[in-house]
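Quick notes on the structure that follows.
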Amino acid sequence: MTLEIDSVELEFDGKKVLYGIYIKSERGKVTGILGRNGCGKTSLLRILFGDLQPKYKNIRSNGKCFPGPMYTTGKIGYLPQYPLLPRHSSLKYVFGLFNASWEQFTNLFESFGEYDKSRIKDLSSGEIRVIEAYLILMSNKEIILLDEPFSFIAPIFVEKFKALIHQVKKKSIIVLTDHFYNDILDVSDTVYLLKNGCSKQIEDKKELKSEGYIN
């Protein structure tokens, strides 16, 4: 399965944000997207998900154009930057809602075992982020979009998520963004840099330096 997007034209208040984009992702590979704040990374994921409509876009699945919002298919999962889970819901209710196993989760993230009777509001923002990222990754969707999954979580959890992503990519398309470029380079099979409204495929850290993204 492949997912492609191009011919995007997105502007806010008369300023073009995206206009020279081509991104291709496929099952079995992780696609990472890098770029500075305001370059359009989140907007691009929202366009793929379908809750942001640009002036123009061309999204193709397996080469066939998909004009409508992708979320209407039920085949796409999206981890946004904003809080995803209701604060007063219990963890067990939330895991049931996503048809996910609390036991499997706590086997991987052992420190969460003490929260079996807790609610979302009882956790720190970093702990909530771990749960949200896990639930989206394990949602059995054909396409998974992750907006900054490594931000605000402990390094030991980042490594666990990298291993999990490598497992899930065998059956799902995964597209993710983050500011931690080393983690993106480490976990991704293909990396694109968004700059000046356009995308460019990046091979290594040297290219990120030549593009002025890192020193």
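Letters A, B, ... mark the chains of the structure tokens in the order given; residue numbers begin at 1 per chain; ligand numbers begin at 1, in order shown.
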
Please list as a PDB file with C-alpha atoms, in the first residue's frame every residue within 8 Å of Ile5 of chain A, counting only C-alpha atoms and excluding residues in the same chain fewer than 6 positions away.
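Below is the file that was written, out-v2.pdb:
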ATOM      1  CA  ILE A  21       4.991  19.392  -1.674  1.00  0.00           C
ATOM      2  CA  TYR A  22       5.524  15.787  -2.654  1.00  0.00           C
ATOM      3  CA  ILE A  23       5.489  13.125   0.039  1.00  0.00           C
ATOM      4  CA  LYS A  24       5.345   9.391  -0.548  1.00  0.00           C
ATOM      5  CA  LEU A  48      -3.735  14.002   4.993  1.00  0.00           C
ATOM      6  CA  LYS A  57      -4.513  18.961  -2.907  1.00  0.00           C
ATOM      7  CA  ASN A  58      -3.972  15.603  -4.579  1.00  0.00           C
ATOM      8  CA  ILE A  59      -3.939  12.592  -2.258  1.00  0.00           C
ATOM      9  CA  ARG A  60      -3.517   9.148  -3.766  1.00  0.00           C
TER      10      ARG A  60
END

Near-Glu159 of chain A list (10 Å; only C-alpha atoms; drop same-chain fewer than 4 positions) as a ChimeraX atom specification
/A:150,154-155,163-165,183,187

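Picture a line from atom CA of Asn182 of chain A to atom CA of Leu34 of chain A; it runs 10.5 Å.
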
If DSSP is run on the backbone, what residues of segment 63-133 of chain A are helix (DSSP H, G or I)? A reply as a count of residues only would be ideal.
36

Using only C-alpha atoms, determine which residues lie at most 10 Å from Ala100 of chain A, disregarding the query and same-chain residues fewer than 6 positions distant; provide the list as JSON, numbers by chain.
{"A": [92, 94, 134, 135, 136, 138, 139, 140]}

Tell me, in Å to one decimal, how far atom CA of Ile174 of chain A is from atom CA of Ile156 of chain A.
21.1 Å

Excluding Phe49 of chain A and its own-chain neighbours fewer than 2 positions away, which residues fall within 6 Å of it when counting only C-alpha atoms? Please give them as a list of chain:residue names.
A:Arg46, A:Ile47, A:Met70, A:Tyr71

Hey, can you spit out that residue selection with all heavy atoms as a PDB file, in the first residue's frame?
ATOM      1  N   ARG A  46      -2.647  17.264   8.951  1.00  0.00           N
ATOM      2  CA  ARG A  46      -4.094  17.518   9.022  1.00  0.00           C
ATOM      3  C   ARG A  46      -4.742  17.425   7.644  1.00  0.00           C
ATOM      4  O   ARG A  46      -5.892  16.964   7.519  1.00  0.00           O
ATOM      5  CB  ARG A  46      -4.350  18.893   9.643  1.00  0.00           C
ATOM      6  CG  ARG A  46      -4.033  18.980  11.133  1.00  0.00           C
ATOM      7  CD  ARG A  46      -4.414  20.334  11.679  1.00  0.00           C
ATOM      8  NE  ARG A  46      -5.839  20.591  11.478  1.00  0.00           N
ATOM      9  CZ  ARG A  46      -6.393  21.799  11.529  1.00  0.00           C
ATOM     10  NH1 ARG A  46      -5.635  22.867  11.752  1.00  0.00           N
ATOM     11  NH2 ARG A  46      -7.690  21.944  11.340  1.00  0.00           N
ATOM     12  N   ILE A  47      -4.029  17.843   6.602  1.00  0.00           N
ATOM     13  CA  ILE A  47      -4.551  17.705   5.242  1.00  0.00           C
ATOM     14  C   ILE A  47      -4.672  16.231   4.883  1.00  0.00           C
ATOM     15  O   ILE A  47      -5.678  15.791   4.305  1.00  0.00           O
ATOM     16  CB  ILE A  47      -3.646  18.442   4.241  1.00  0.00           C
ATOM     17  CG1 ILE A  47      -3.746  19.958   4.450  1.00  0.00           C
ATOM     18  CG2 ILE A  47      -4.019  18.092   2.796  1.00  0.00           C
ATOM     19  CD1 ILE A  47      -2.681  20.748   3.705  1.00  0.00           C
ATOM     20  N   MET A  70      -9.825  11.662   4.470  1.00  0.00           N
ATOM     21  CA  MET A  70      -9.384  10.289   4.728  1.00  0.00           C
ATOM     22  C   MET A  70     -10.010   9.705   5.990  1.00  0.00           C
ATOM     23  O   MET A  70     -10.230   8.501   6.092  1.00  0.00           O
ATOM     24  CB  MET A  70      -7.855  10.237   4.838  1.00  0.00           C
ATOM     25  CG  MET A  70      -7.107  10.468   3.541  1.00  0.00           C
ATOM     26  SD  MET A  70      -7.183   9.057   2.403  1.00  0.00           S
ATOM     27  CE  MET A  70      -6.067   7.925   3.193  1.00  0.00           C
ATOM     28  N   TYR A  71     -10.298  10.584   6.974  1.00  0.00           N
ATOM     29  CA  TYR A  71     -10.834  10.056   8.237  1.00  0.00           C
ATOM     30  C   TYR A  71     -12.199   9.392   8.069  1.00  0.00           C
ATOM     31  O   TYR A  71     -12.609   8.581   8.899  1.00  0.00           O
ATOM     32  CB  TYR A  71     -10.896  11.146   9.307  1.00  0.00           C
ATOM     33  CG  TYR A  71     -11.880  12.262   9.056  1.00  0.00           C
ATOM     34  CD1 TYR A  71     -13.243  12.091   9.294  1.00  0.00           C
ATOM     35  CD2 TYR A  71     -11.452  13.501   8.611  1.00  0.00           C
ATOM     36  CE1 TYR A  71     -14.145  13.117   9.067  1.00  0.00           C
ATOM     37  CE2 TYR A  71     -12.345  14.537   8.380  1.00  0.00           C
ATOM     38  CZ  TYR A  71     -13.684  14.339   8.606  1.00  0.00           C
ATOM     39  OH  TYR A  71     -14.583  15.354   8.385  1.00  0.00           O
TER      40      TYR A  71
END

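Considering the residues A:Phe152, A:Asn37, A:Ile173, A:Phe105 and counting only C-alpha atoms, Leu194 of chain A has its shortest atom-to-atom contact with A:Asn37.
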
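The closest residue to His88 of chain A, picked from A:Lys75, A:Lys64, A:Lys195, A:Arg119 and counting only C-alpha atoms, is A:Arg119.
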
Mind pulling up the distance from atom CA of Val30 of chain A to atom CA of Lys170 of chain A?
9.6 Å

Near-segment 107-113 of chain A list (8 Å; only C-alpha atoms; drop same-chain fewer than 3 positions) as a short mmCIF file (atom, residue, chain, number, x, y, z; two decimals) with C-alpha atoms, in the first residue's frame:
data_model
loop_
_atom_site.label_atom_id
_atom_site.label_comp_id
_atom_site.auth_asym_id
_atom_site.auth_seq_id
_atom_site.Cartn_x
_atom_site.Cartn_y
_atom_site.Cartn_z
CA GLU A 103 -2.05 -5.75 30.26
CA GLN A 104 0.03 -5.60 27.08
CA ASP A 116 -4.82 0.62 36.79
CA PHE A 157 9.97 5.72 26.54
CA LYS A 160 10.37 1.80 23.46
#

Taking 2 positions as the minimum chain separation for residues in the same chain, which residues sit within 12 Å of Thr177 of chain A when counting only C-alpha atoms? Answer as number ranges by chain.
A: 30-37, 39-45, 78-81, 144-151, 174-175, 179-185, 187-188, 190-194

Can you tell me, as a list in words, what residues are no more than 12 Å from Thr73 of chain A when counting only C-alpha atoms, ignoring any on the same chain fewer than 6 positions away?
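Near neighbours after the sequence-gap exclusion: Phe49, Gly50, Ser61, Phe66, Pro67, Lys141, Glu142 and Ile143 of chain A.
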